[in-house]
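Student: Sharing coords.txt (compact mmCIF, C-alpha atoms) below.
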# COMPACT_ATOMS: atom_id res chain seq x y z
CA MET F 176 -45.18 48.79 -76.08
CA LYS F 177 -48.37 46.86 -76.80
CA LEU F 178 -48.04 43.15 -76.10
CA THR F 179 -49.97 40.47 -77.95
CA ARG F 180 -50.41 36.78 -77.21
CA TYR F 181 -48.41 34.23 -79.19
CA ARG F 182 -49.26 30.76 -77.95
CA GLU F 183 -48.24 30.82 -74.25
CA PHE F 184 -45.86 33.73 -74.83
CA ASP F 185 -46.31 37.47 -74.47
CA SER F 186 -45.07 38.96 -77.71
CA PHE F 187 -44.02 42.17 -79.42
CA SER F 188 -42.95 42.75 -83.02
CA PRO F 189 -40.77 45.87 -83.44
CA GLN F 190 -40.61 45.37 -87.22
CA GLN F 191 -41.80 42.94 -89.84
CA GLY F 192 -39.88 39.69 -89.63
CA VAL F 193 -38.69 40.29 -86.04
CA ARG F 194 -40.67 38.87 -83.12
CA LEU F 195 -39.74 39.15 -79.44
CA LEU F 196 -41.36 36.74 -76.97
CA ALA F 197 -41.42 36.28 -73.20
CA TYR F 198 -42.74 33.49 -71.01
CA GLN F 199 -43.10 33.95 -67.26
CA SER F 200 -42.76 30.96 -64.95
CA GLU F 201 -41.60 30.74 -61.36
CA ARG F 202 -40.85 27.02 -61.75
CA PHE F 203 -37.41 27.83 -63.15
CA LYS F 204 -34.40 29.01 -61.14
CA THR F 205 -32.71 30.54 -64.16
CA ILE F 206 -33.65 33.03 -66.84
CA ARG F 207 -32.93 32.02 -70.42
CA ALA F 208 -32.55 34.47 -73.31
CA ARG F 209 -32.25 32.99 -76.79
CA VAL F 210 -32.12 34.60 -80.23
CA HIS F 211 -32.78 32.67 -83.46
CA LEU F 212 -31.64 34.11 -86.80
CA LEU F 213 -33.55 32.13 -89.43
CA GLU F 214 -32.79 31.74 -93.14
CA PRO F 215 -33.65 29.19 -95.84
CA ILE F 216 -31.00 26.47 -95.73
CA GLN F 217 -28.77 26.81 -98.81
CA PRO F 218 -25.67 24.89 -99.94
CA GLN F 219 -23.63 28.03 -100.56
CA VAL F 220 -24.15 29.56 -97.10
CA VAL F 221 -24.77 26.64 -94.72
CA THR F 222 -21.05 26.15 -94.04
CA GLU F 223 -20.49 29.89 -93.67
CA ASN F 224 -23.23 30.12 -91.04
CA SER F 225 -21.85 27.11 -89.19
CA LEU F 226 -18.37 28.63 -89.05
CA LEU F 227 -19.74 32.08 -88.26
CA SER F 228 -21.59 30.78 -85.20
CA ARG F 229 -18.31 29.42 -83.84
CA VAL F 230 -16.41 32.64 -84.44
CA MET F 231 -19.21 34.70 -82.88
CA GLY F 232 -18.96 32.67 -79.70
CA VAL F 233 -15.26 33.32 -79.05
CA GLY F 234 -14.87 37.07 -79.43
CA THR F 235 -16.78 40.34 -79.60
CA GLU F 236 -15.93 44.00 -80.02
CA ASN F 237 -15.75 44.60 -76.25
CA HIS F 238 -14.74 41.04 -75.30
CA PRO F 239 -12.30 40.06 -78.06
CA THR F 240 -11.13 36.71 -76.67
CA ARG F 241 -12.73 33.58 -75.28
CA ARG F 242 -11.17 34.42 -71.92
CA ASP F 243 -12.82 37.86 -71.94
CA ILE F 244 -16.21 36.29 -72.58
CA ALA F 245 -15.64 33.74 -69.81
CA ARG F 246 -14.76 36.54 -67.40
CA ALA F 247 -17.91 38.46 -68.39
CA CYS F 248 -19.99 35.34 -67.71
CA GLU F 249 -18.38 34.96 -64.29
CA GLU F 250 -19.37 38.54 -63.50
CA LEU F 251 -22.95 37.58 -64.41
CA TYR F 252 -22.94 35.11 -61.50
CA GLY F 253 -21.81 32.21 -63.64
CA ALA F 254 -23.93 32.79 -66.73
CA ALA F 255 -23.63 30.19 -69.50
CA MET F 256 -23.29 31.40 -73.11
CA PHE F 257 -23.73 29.42 -76.32
CA VAL F 258 -23.75 30.15 -80.05
CA GLY F 259 -24.39 27.43 -82.65
CA VAL F 260 -26.51 26.31 -85.58
CA THR F 261 -29.53 24.06 -85.82
CA ARG F 262 -32.27 23.41 -88.35
CA TYR F 263 -36.05 23.46 -88.48
CA ALA F 264 -37.29 21.66 -91.60
CA ASP F 265 -35.73 23.58 -94.53
CA VAL F 266 -34.53 26.50 -92.41
CA GLN F 267 -31.11 26.93 -90.81
CA SER F 268 -30.94 28.87 -87.57
CA VAL F 269 -27.95 30.61 -86.05
CA VAL F 270 -28.89 30.62 -82.38
CA ALA F 271 -27.32 32.42 -79.43
CA SER F 272 -28.33 31.71 -75.85
CA VAL F 273 -27.51 32.85 -72.33
CA ASP F 274 -28.67 31.34 -69.01
CA PHE F 275 -28.22 33.21 -65.73
CA PRO F 276 -29.66 33.12 -62.19
CA ALA F 277 -33.08 34.58 -61.48
CA ASP F 278 -33.31 37.85 -59.56
CA ARG F 279 -34.48 36.16 -56.34
CA PHE F 280 -31.06 34.50 -56.00
CA LEU F 281 -29.08 37.71 -56.57
CA PRO F 282 -28.31 40.78 -54.47
CA LYS F 283 -31.10 43.35 -54.43
CA GLY F 284 -30.81 45.86 -57.25
CA SER F 285 -28.86 43.60 -59.58
CA LYS F 286 -29.47 44.26 -63.25
CA GLU F 287 -28.31 40.95 -64.65
CA LEU F 288 -31.06 40.85 -67.27
CA GLU F 289 -29.78 44.07 -68.84
CA HIS F 290 -26.14 42.96 -68.67
CA ALA F 291 -26.83 39.45 -69.98
CA LEU F 292 -28.88 40.71 -72.92
CA SER F 293 -26.18 43.25 -73.74
CA LEU F 294 -23.58 40.48 -73.93
CA LEU F 295 -25.89 38.17 -75.89
CA THR F 296 -26.69 40.74 -78.55
CA GLU F 297 -23.05 41.77 -78.73
CA LEU F 298 -22.12 38.19 -79.63
CA LEU F 299 -24.46 38.36 -82.61
CA THR F 300 -24.15 41.92 -83.84
CA ARG F 301 -20.63 43.11 -82.95
CA PRO F 302 -18.00 40.43 -83.57
CA ALA F 303 -14.30 41.01 -82.95
CA LEU F 304 -12.67 42.52 -86.07
CA ASN F 305 -9.16 43.15 -87.33
CA ASP F 306 -7.49 46.55 -86.94
CA ASP F 307 -9.05 48.18 -89.99
CA ALA F 308 -12.49 46.54 -89.45
CA SER F 309 -12.38 44.86 -92.86
CA ALA F 310 -12.53 41.26 -91.64
CA LEU F 311 -13.09 39.07 -88.61
CA ARG F 312 -10.09 38.62 -86.33
CA ALA F 313 -7.64 36.34 -88.12
CA ASP F 314 -6.61 34.25 -85.10
CA SER F 315 -10.19 33.43 -84.07
CA PHE F 316 -11.22 32.78 -87.66
CA GLU F 317 -8.36 30.39 -88.45
CA ARG F 318 -8.69 28.49 -85.16
CA GLU F 319 -12.44 27.94 -85.50
CA LYS F 320 -12.14 27.08 -89.19
CA TYR F 321 -9.57 24.40 -88.34
CA GLN F 322 -11.73 23.02 -85.54
CA LEU F 323 -14.89 22.92 -87.67
CA GLU F 324 -13.05 21.05 -90.42
CA ASN F 325 -11.83 18.49 -87.88
CA ASP F 326 -15.31 18.06 -86.44
CA LEU F 327 -16.90 17.57 -89.85
CA ARG F 328 -14.27 15.07 -90.97
CA ALA F 329 -14.54 13.22 -87.65
CA LEU F 330 -18.14 12.34 -88.49
CA ARG F 331 -16.78 9.51 -90.64
CA ASP F 332 -15.47 7.84 -87.48
CA ASP F 333 -18.87 7.96 -85.78
CA LYS F 334 -20.40 5.22 -87.90
CA PRO F 335 -24.04 5.47 -86.75
CA SER F 336 -24.06 9.25 -87.30
CA TRP F 337 -22.26 8.89 -90.62
CA ALA F 338 -24.74 6.25 -91.77
CA ALA F 339 -27.66 8.52 -90.81
CA LEU F 340 -26.09 11.43 -92.68
CA GLN F 341 -25.42 9.42 -95.84
CA ALA F 342 -28.88 7.90 -95.73
CA THR F 343 -30.43 11.36 -95.35
CA LYS F 344 -28.63 12.55 -98.49
CA ARG F 345 -30.18 9.69 -100.45
CA ILE F 346 -33.62 9.81 -98.88
CA TYR F 347 -34.05 13.52 -99.55
CA ALA F 348 -31.86 13.81 -102.66
CA GLY F 349 -32.57 16.94 -104.68
CA THR F 350 -34.33 18.77 -101.82
CA PRO F 351 -33.11 21.12 -99.08
CA ALA F 352 -33.64 18.31 -96.57
CA ALA F 353 -30.48 16.63 -97.91
CA ILE F 354 -28.25 19.55 -96.80
CA TYR F 355 -26.35 18.98 -93.55
CA GLU F 356 -26.90 21.98 -91.30
CA HIS F 357 -23.34 21.98 -89.91
CA GLY F 358 -21.76 22.33 -93.33
CA ASP F 359 -19.41 20.61 -95.75
CA PRO F 360 -15.62 20.49 -95.18
CA ALA F 361 -15.05 20.89 -98.92
CA GLU F 362 -16.60 24.37 -98.72
CA LEU F 363 -14.34 25.69 -95.97
CA ASN F 364 -11.43 26.58 -98.25
CA LYS F 365 -13.69 29.06 -100.07
CA ILE F 366 -14.36 31.05 -96.91
CA THR F 367 -12.14 33.95 -95.83
CA ALA F 368 -12.23 36.22 -92.81
CA GLU F 369 -13.48 38.99 -95.12
CA SER F 370 -16.25 36.91 -96.70
CA LEU F 371 -17.39 35.67 -93.29
CA LEU F 372 -17.79 39.27 -92.07
CA THR F 373 -19.93 39.93 -95.14
CA ARG F 374 -22.02 36.87 -94.24
CA GLN F 375 -22.45 38.13 -90.67
CA ARG F 376 -23.70 41.51 -91.85
CA SER F 377 -26.06 39.89 -94.34
CA LEU F 378 -27.43 37.60 -91.64
CA ILE F 379 -28.13 40.47 -89.24
CA ARG F 380 -29.71 42.51 -92.01
CA ASN F 381 -31.83 39.84 -93.71
CA ALA F 382 -32.60 36.90 -91.41
CA ARG F 383 -35.96 36.53 -89.75
CA VAL F 384 -35.63 36.84 -85.99
CA MET F 385 -37.34 35.14 -83.06
CA ALA F 386 -35.92 36.24 -79.70
CA PHE F 387 -37.06 34.85 -76.34
CA VAL F 388 -36.74 35.58 -72.65
CA THR F 389 -38.19 32.85 -70.42
CA GLY F 390 -38.25 32.03 -66.72
CA PRO F 391 -39.03 34.11 -63.62
CA VAL F 392 -39.32 37.45 -65.46
CA GLN F 393 -41.86 40.22 -65.87
CA PRO F 394 -42.78 39.95 -69.58
CA LEU F 395 -43.25 43.66 -70.22
CA HIS F 396 -39.94 44.54 -68.59
CA ALA F 397 -38.08 41.66 -70.25
CA LEU F 398 -39.37 42.55 -73.71
CA SER F 399 -38.63 46.25 -73.19
CA VAL F 400 -35.02 45.44 -72.31
CA LEU F 401 -34.71 42.97 -75.18
CA ALA F 402 -36.09 45.50 -77.67
CA ASP F 403 -33.63 48.11 -76.39
CA LYS F 404 -30.58 45.82 -76.58
CA LEU F 405 -31.34 43.93 -79.79
CA THR F 406 -31.03 46.80 -82.26
CA LEU F 407 -31.33 45.46 -85.80
CA PRO F 408 -31.36 47.16 -89.20
CA ARG F 409 -34.85 47.92 -90.46
CA ASN F 410 -34.98 45.86 -93.60
CA ARG F 411 -37.22 43.56 -95.60
CA ARG F 412 -36.40 40.14 -94.17
CA VAL F 413 -36.37 36.84 -96.03
CA SER F 414 -39.40 34.62 -96.38
CA LEU F 415 -39.06 31.12 -94.99
CA PRO F 416 -39.87 28.22 -97.32
CA PRO F 417 -42.55 25.63 -96.55
CA PRO F 418 -41.11 22.20 -95.71
CA VAL F 419 -40.85 19.56 -98.41
CA LYS F 420 -42.83 16.47 -97.44
CA LEU F 421 -41.22 13.18 -98.41
CA ARG F 422 -43.00 11.70 -101.40
CA ASN F 423 -43.60 7.98 -101.82
CA HIS F 424 -41.44 5.90 -104.16
CA ARG F 425 -43.03 3.48 -106.57
CA GLU F 426 -40.43 0.96 -105.46
CA VAL F 427 -38.20 0.77 -102.40
CA HIS F 428 -34.88 2.49 -103.09
CA ARG F 429 -32.10 0.21 -101.80
CA CYS F 430 -28.52 1.53 -101.62
CA ALA F 431 -25.27 0.72 -99.83
CA ASP F 432 -21.81 2.09 -99.06
CA LYS F 433 -18.74 0.15 -98.05
CA GLY F 434 -17.47 0.93 -94.59
CA GLN F 435 -14.83 -0.10 -92.10
CA GLY F 436 -15.54 -1.49 -88.65
CA GLY F 437 -17.11 -4.46 -86.96
CA GLN F 438 -20.74 -3.47 -87.45
CA THR F 439 -23.15 -2.92 -90.31
CA HIS F 440 -25.46 0.08 -90.01
CA LEU F 441 -28.97 -0.10 -91.45
CA VAL F 442 -31.31 2.84 -92.06
CA PHE F 443 -34.96 2.28 -93.09
CA THR F 444 -37.40 5.01 -94.13
CA TRP F 445 -41.18 4.86 -94.50
CA SER F 446 -43.00 7.79 -96.13
CA GLY F 447 -46.59 8.93 -96.58
CA GLY F 448 -47.53 9.94 -93.03
CA ASP F 449 -48.81 13.25 -91.70
CA VAL F 450 -46.65 16.19 -90.59
CA TYR F 451 -46.47 18.31 -87.45
CA GLY F 452 -49.53 20.52 -87.08
CA SER F 453 -51.82 18.27 -89.12
CA PRO F 454 -54.74 16.22 -87.74
CA GLY F 455 -52.69 13.03 -88.16
CA TYR F 456 -49.77 14.23 -86.03
CA ALA F 457 -50.78 12.40 -82.86
CA PRO F 458 -51.39 9.05 -84.67
CA MET F 459 -47.94 9.43 -86.24
CA LEU F 460 -46.43 9.80 -82.76
CA TYR F 461 -48.06 6.51 -81.78
CA ALA F 462 -46.96 4.78 -84.99
CA ASP F 463 -43.32 5.75 -84.45
CA ALA F 464 -43.39 4.85 -80.74
CA LEU F 465 -44.90 1.43 -81.40
CA LEU F 466 -42.35 0.63 -84.09
CA GLY F 467 -39.12 1.91 -82.52
CA GLY F 468 -39.46 5.18 -80.62
CA TYR F 469 -40.64 3.91 -77.22
CA GLY F 470 -38.46 2.02 -74.73
CA MET F 471 -40.19 -1.36 -75.15
CA ASN F 472 -40.98 -0.93 -78.83
CA ARG F 473 -41.55 -3.68 -81.39
CA LEU F 474 -38.11 -3.46 -83.01
CA PHE F 475 -36.31 -3.55 -79.67
CA LYS F 476 -38.32 -6.49 -78.31
CA VAL F 477 -38.23 -8.65 -81.44
CA VAL F 478 -35.07 -7.76 -83.36
CA ARG F 479 -32.73 -7.12 -80.41
CA GLU F 480 -34.10 -9.00 -77.41
CA GLU F 481 -35.87 -12.01 -78.94
CA HIS F 482 -33.52 -12.71 -81.88
CA GLY F 483 -30.32 -10.99 -80.71
CA LEU F 484 -29.68 -9.41 -84.14
CA ALA F 485 -28.94 -5.79 -83.21
CA TYR F 486 -26.49 -4.02 -80.90
CA SER F 487 -28.81 -1.02 -80.99
CA ILE F 488 -32.09 -0.29 -82.76
CA GLY F 489 -34.79 2.40 -82.71
CA SER F 490 -36.78 4.83 -84.81
CA SER F 491 -37.64 8.52 -85.00
CA TYR F 492 -40.45 10.54 -86.53
CA HIS F 493 -39.36 13.26 -88.99
CA ARG F 494 -42.18 15.66 -88.18
CA ALA F 495 -41.68 18.05 -91.10
CA ARG F 496 -41.46 15.21 -93.65
CA GLY F 497 -44.24 12.83 -92.62
CA SER F 498 -41.73 9.98 -92.45
CA ILE F 499 -40.46 7.45 -89.92
CA VAL F 500 -36.78 6.51 -89.97
CA ALA F 501 -35.41 3.43 -88.16
CA GLN F 502 -31.73 2.71 -87.59
CA ALA F 503 -29.96 -0.44 -86.42
CA SER F 504 -26.37 -1.57 -85.83
CA VAL F 505 -25.91 -5.28 -86.51
CA SER F 506 -23.23 -7.92 -86.97
CA PRO F 507 -22.14 -8.20 -90.64
CA LYS F 508 -22.93 -11.92 -90.49
CA LYS F 509 -26.52 -11.19 -89.46
CA THR F 510 -27.24 -8.35 -91.87
CA THR F 511 -29.60 -10.22 -94.18
CA GLN F 512 -31.50 -11.76 -91.28
CA ALA F 513 -31.87 -8.35 -89.60
CA LEU F 514 -33.04 -6.70 -92.83
CA ASN F 515 -35.74 -9.30 -93.32
CA LEU F 516 -36.88 -9.19 -89.70
CA ILE F 517 -37.18 -5.38 -89.62
CA ARG F 518 -39.25 -5.48 -92.82
CA ARG F 519 -41.42 -8.21 -91.33
CA GLU F 520 -42.05 -6.40 -88.07
CA PHE F 521 -43.16 -3.25 -89.83
CA ALA F 522 -45.46 -5.32 -92.06
CA ASN F 523 -46.85 -7.07 -88.97
CA LEU F 524 -47.72 -3.73 -87.38
CA GLN F 525 -49.53 -2.70 -90.56
CA THR F 526 -51.48 -5.92 -91.10
CA LYS F 527 -51.86 -7.49 -87.65
CA GLY F 528 -51.79 -4.37 -85.54
CA PHE F 529 -50.76 -4.14 -81.89
CA THR F 530 -52.10 -5.20 -78.53
CA GLU F 531 -54.16 -3.10 -76.15
CA ALA F 532 -51.30 -3.30 -73.65
CA GLU F 533 -48.83 -1.95 -76.23
CA PHE F 534 -51.16 0.93 -77.10
CA ASP F 535 -51.79 1.86 -73.45
CA ALA F 536 -48.08 1.80 -72.62
CA VAL F 537 -47.24 4.04 -75.56
CA ARG F 538 -50.06 6.45 -74.69
CA GLU F 539 -48.78 6.85 -71.13
CA SER F 540 -45.23 7.32 -72.40
CA LEU F 541 -46.29 10.02 -74.87
CA ILE F 542 -48.35 11.83 -72.23
CA GLU F 543 -45.53 11.81 -69.70
CA ASP F 544 -43.05 12.93 -72.35
CA ARG F 545 -45.25 15.91 -73.24
CA LYS F 546 -45.75 16.86 -69.60
CA ALA F 547 -42.01 16.69 -68.98
CA SER F 548 -41.37 18.93 -71.97
CA TRP F 549 -43.35 21.72 -70.29
CA ASP F 550 -40.60 21.95 -67.69
CA SER F 551 -37.91 22.62 -70.30
CA GLN F 552 -37.35 26.18 -71.40
CA SER F 553 -35.40 24.94 -74.42
CA THR F 554 -38.27 22.70 -75.52
CA ARG F 555 -40.83 25.49 -75.30
CA ILE F 556 -38.61 27.86 -77.28
CA GLY F 557 -37.61 25.30 -79.90
CA ASP F 558 -41.19 24.15 -80.37
CA ALA F 559 -42.41 27.73 -80.89
CA VAL F 560 -39.72 28.33 -83.52
CA PHE F 561 -40.47 25.03 -85.27
CA GLN F 562 -44.20 25.80 -85.41
CA ASN F 563 -43.47 29.28 -86.77
CA VAL F 564 -41.33 27.79 -89.54
CA LEU F 565 -44.03 25.26 -90.41
CA GLY F 566 -46.69 27.98 -90.40
CA PHE F 567 -49.02 27.07 -87.54
CA ARG F 568 -49.50 27.75 -83.83
CA GLN F 569 -50.59 25.09 -81.35
CA THR F 570 -50.23 24.97 -77.59
CA LEU F 571 -48.59 22.10 -75.75
CA GLU F 572 -51.92 21.55 -73.98
CA LYS F 573 -53.66 21.05 -77.34
CA GLN F 574 -51.05 18.47 -78.32
CA LEU F 575 -51.63 16.63 -75.05
CA ARG F 576 -55.41 16.56 -75.61
CA ASP F 577 -54.89 15.16 -79.13
CA ILE F 578 -52.65 12.38 -77.78
CA ARG F 579 -55.27 11.44 -75.19
CA LYS F 580 -58.09 11.41 -77.77
CA THR F 581 -56.23 9.27 -80.33
CA THR F 582 -57.78 5.82 -80.84
CA PRO F 583 -56.15 2.53 -81.83
CA GLY F 584 -58.14 2.64 -85.07
CA GLN F 585 -56.61 6.01 -86.01
CA VAL F 586 -53.11 4.68 -85.35
CA GLN F 587 -53.77 1.53 -87.38
CA ALA F 588 -55.07 3.63 -90.27
CA MET F 589 -51.95 5.81 -90.15
CA LEU F 590 -49.65 2.77 -90.14
CA LYS F 591 -51.36 1.47 -93.26
CA ARG F 592 -50.69 4.77 -95.04
CA LEU F 593 -46.92 4.44 -94.58
CA LYS F 594 -44.94 3.03 -97.50
CA PRO F 595 -41.38 1.64 -97.59
CA HIS F 596 -39.25 4.36 -99.17
CA THR F 597 -35.51 3.75 -98.73
CA GLU F 598 -33.23 1.10 -97.24
CA TYR F 599 -29.61 2.12 -96.74
CA LEU F 600 -26.70 -0.03 -95.62
CA LEU F 601 -23.22 1.04 -94.48
CA GLY F 602 -20.77 -1.78 -93.89
Write out the structure in this file as structure tokens.

Tutor:
Amino acid sequence: MKLTRYREFDSFSPQQGVRLLAYQSERFKTIRARVHLLEPIQPQVVTENSLLSRVMGVGTENHPTRRDIARACEELYGAAMFVGVTRYADVQSVVASVDFPADRFLPKGSKELEHALSLLTELLTRPALNDDASALRADSFEREKYQLENDLRALRDDKPSWAALQATKRIYAGTPAAIYEHGDPAELNKITAESLLTRQRSLIRNARVMAFVTGPVQPLHALSVLADKLTLPRNRRVSLPPPVKLRNHREVHRCADKGQGGQTHLVFTWSGGDVYGSPGYAPMLYADALLGGYGMNRLFKVVREEHGLAYSIGSSYHRARGSIVAQASVSPKKTTQALNLIRREFANLQTKGFTEAEFDAVRESLIEDRKASWDSQSTRIGDAVFQNVLGFRQTLEKQLRDIRKTTPGQVQAMLKRLKPHTEYLLG
């Protein structure tokens, strides 16, 4: 096995579309193995993948019940297993993960890496089936289908999350970005135990794969074991689509939904910024932090603390879209005042700028945030997958250097590029 270098990872590709990666660090007490199965996000399969991830996690061929899996984890010195779905830009990922203690905390001669990777790959590739192997086990399928439907419908009761979801559908209407990665309850009735088994086999056969082992491991040994355990069909695997950047509107799109409850939820979107991996990425981080992404940001200080108009307020940078999205929960009686003040504060940042103290505080916050992310195995893995989907490769150290080199003038220029795109109101 000839290893190559992929960012900070040692890497091996057993076939086109499948990449195995290992990262050695003695800072961690646990080893983490994680497998991402990546496909373009599509309306007709997103709900199937969401349900499939749940069914995968509760039964396998050799461990057919949740209790059997729990017992297997106990035998792995308390390993923690997880299967779920997430998204990276316009790609949906079915992801399976296992965490278990490093060798130095185990009896000499333990082979927990081999056992953990066997269980992890079994979750993905050998689900529990019915007696004639024509469908997934009916009891697991029906239980997880019922639970997923409840979880999706319960989103309506979480008003901030529901507002963000409805705003997203309007902001990105007509693009894959509008698809909710956890599915649509209206699609569940179309799914059967037989059709979900077909989906599982298609996923294993066609999805692009990124599989990681990180922590106190020997990369060559870890990748050899992973390659031996993760046996996949040799097949031409799907291409992943480039992300769709949010285009500017000629006019601000304003929309509203009626909602129950004692608060009104506001979602603002500004488009036209740079995306992850571009030269303007670091200035966009500053722009978002100054507006609403940093603890003592402009929206928090002015809208919430100075004027008392918001119960909660903040913003986030959509890195694959080049957009900044702010969200606030306000009293219905103060909705108009809050709308006007949020618009004004963004305009003030664009035209009047920010103080040296604000810039320095944000810079230190961004630097510390990036340093802290180096100590998270999940962050390293997720960032590598995200970069792969977006089609570039950049170390965390390079990102840190770019943050340090960014000037106030670059941030001000980026703020001026941003245009109001959508304002959404639920209440």

Student: Figure out the distance between CA of Arg194 in chain F and CA of Thr179 in chain F, please, to one decimal in Å.

Tutor: 10.8 Å

Student: Would you give me, as a Markdown table, each residue of range 394-443 of chain F having an atom within 12 Å of an atom of range 515-521 of chain F, along with its shortest atom pair and that distance in Å to one decimal, using all atoms listed in the file and sorting by chain and residue number?

Tutor:
| residue | atom | partner | partner_atom | distance |
| --- | --- | --- | --- | --- |
| F:Val427 | CA | F:Arg518 | CA | 11.5 |
| F:Leu441 | CA | F:Ile517 | CA | 9.9 |
| F:Val442 | CA | F:Ile517 | CA | 10.4 |
| F:Phe443 | CA | F:Ile517 | CA | 8.7 |

Student: Can you list, as a short mmCIF file (atom, residue, chain, number, x, y, z; two decimals) with C-alpha atoms, in the coordinates of the input, every protein, DNA or RNA residue that comes within 7 Å of Ala353 in chain F when you count all atoms listed in the file, leaving out same-chain residues fewer than 5 positions away?

Tutor:
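Listed below is the output, around_38.cif:
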data_model
loop_
_atom_site.label_atom_id
_atom_site.label_comp_id
_atom_site.auth_asym_id
_atom_site.auth_seq_id
_atom_site.Cartn_x
_atom_site.Cartn_y
_atom_site.Cartn_z
CA THR F 343 -30.43 11.36 -95.35
CA LYS F 344 -28.63 12.55 -98.49
CA TYR F 347 -34.05 13.52 -99.55
CA ALA F 348 -31.86 13.81 -102.66
#

Student: So what do you get for CA of Gln562 in chain F versus CA of Thr389 in chain F, distance-wise?

Tutor: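 Value for the CA of Gln562 in chain F-CA of Thr389 in chain F distance: 17.6 Å.
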
Student: So which residues touch range 405-421 of chain F within 6 Å, counting all atoms listed in the file, skipping near sequence neighbours fewer than 3 positions away, as a list in words?

Tutor: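 Answer for this query is Gly192, Pro215, Ala264, Asp265, Thr296, Arg380, Asn381, Ala382, Arg383, Leu401, Ala402 and Arg496 of chain F.
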
Student: Given only C-alpha atoms as the basis, pick out the residue of F:Ile354, F:Ser272, F:Ser540, F:Pro218 nearest to Met471 in chain F.

Tutor: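 Result for the nearest residue to Met471 in chain F: F:Ser540.
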
Student: Quick one: everything within 9 Å of Asp274 in chain F, counting only C-alpha atoms, minus sequence neighbours fewer than 5 positions away in the same chain. Send it as a ChimeraX atom specification.

Tutor: /F:205-209,253-256,291

Student: Give me, please, the distance in Å between CA of Lys320 in chain F and CA of Met231 in chain F, quoted to one decimal.

Tutor: 12.2 Å

Student: Pick out the closest residue to Phe275 in chain F from this set: F:Asp185, F:Asp558, F:Glu250, F:Asp449. Count only C-alpha atoms.

Tutor: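 Closest candidate: F:Glu250.
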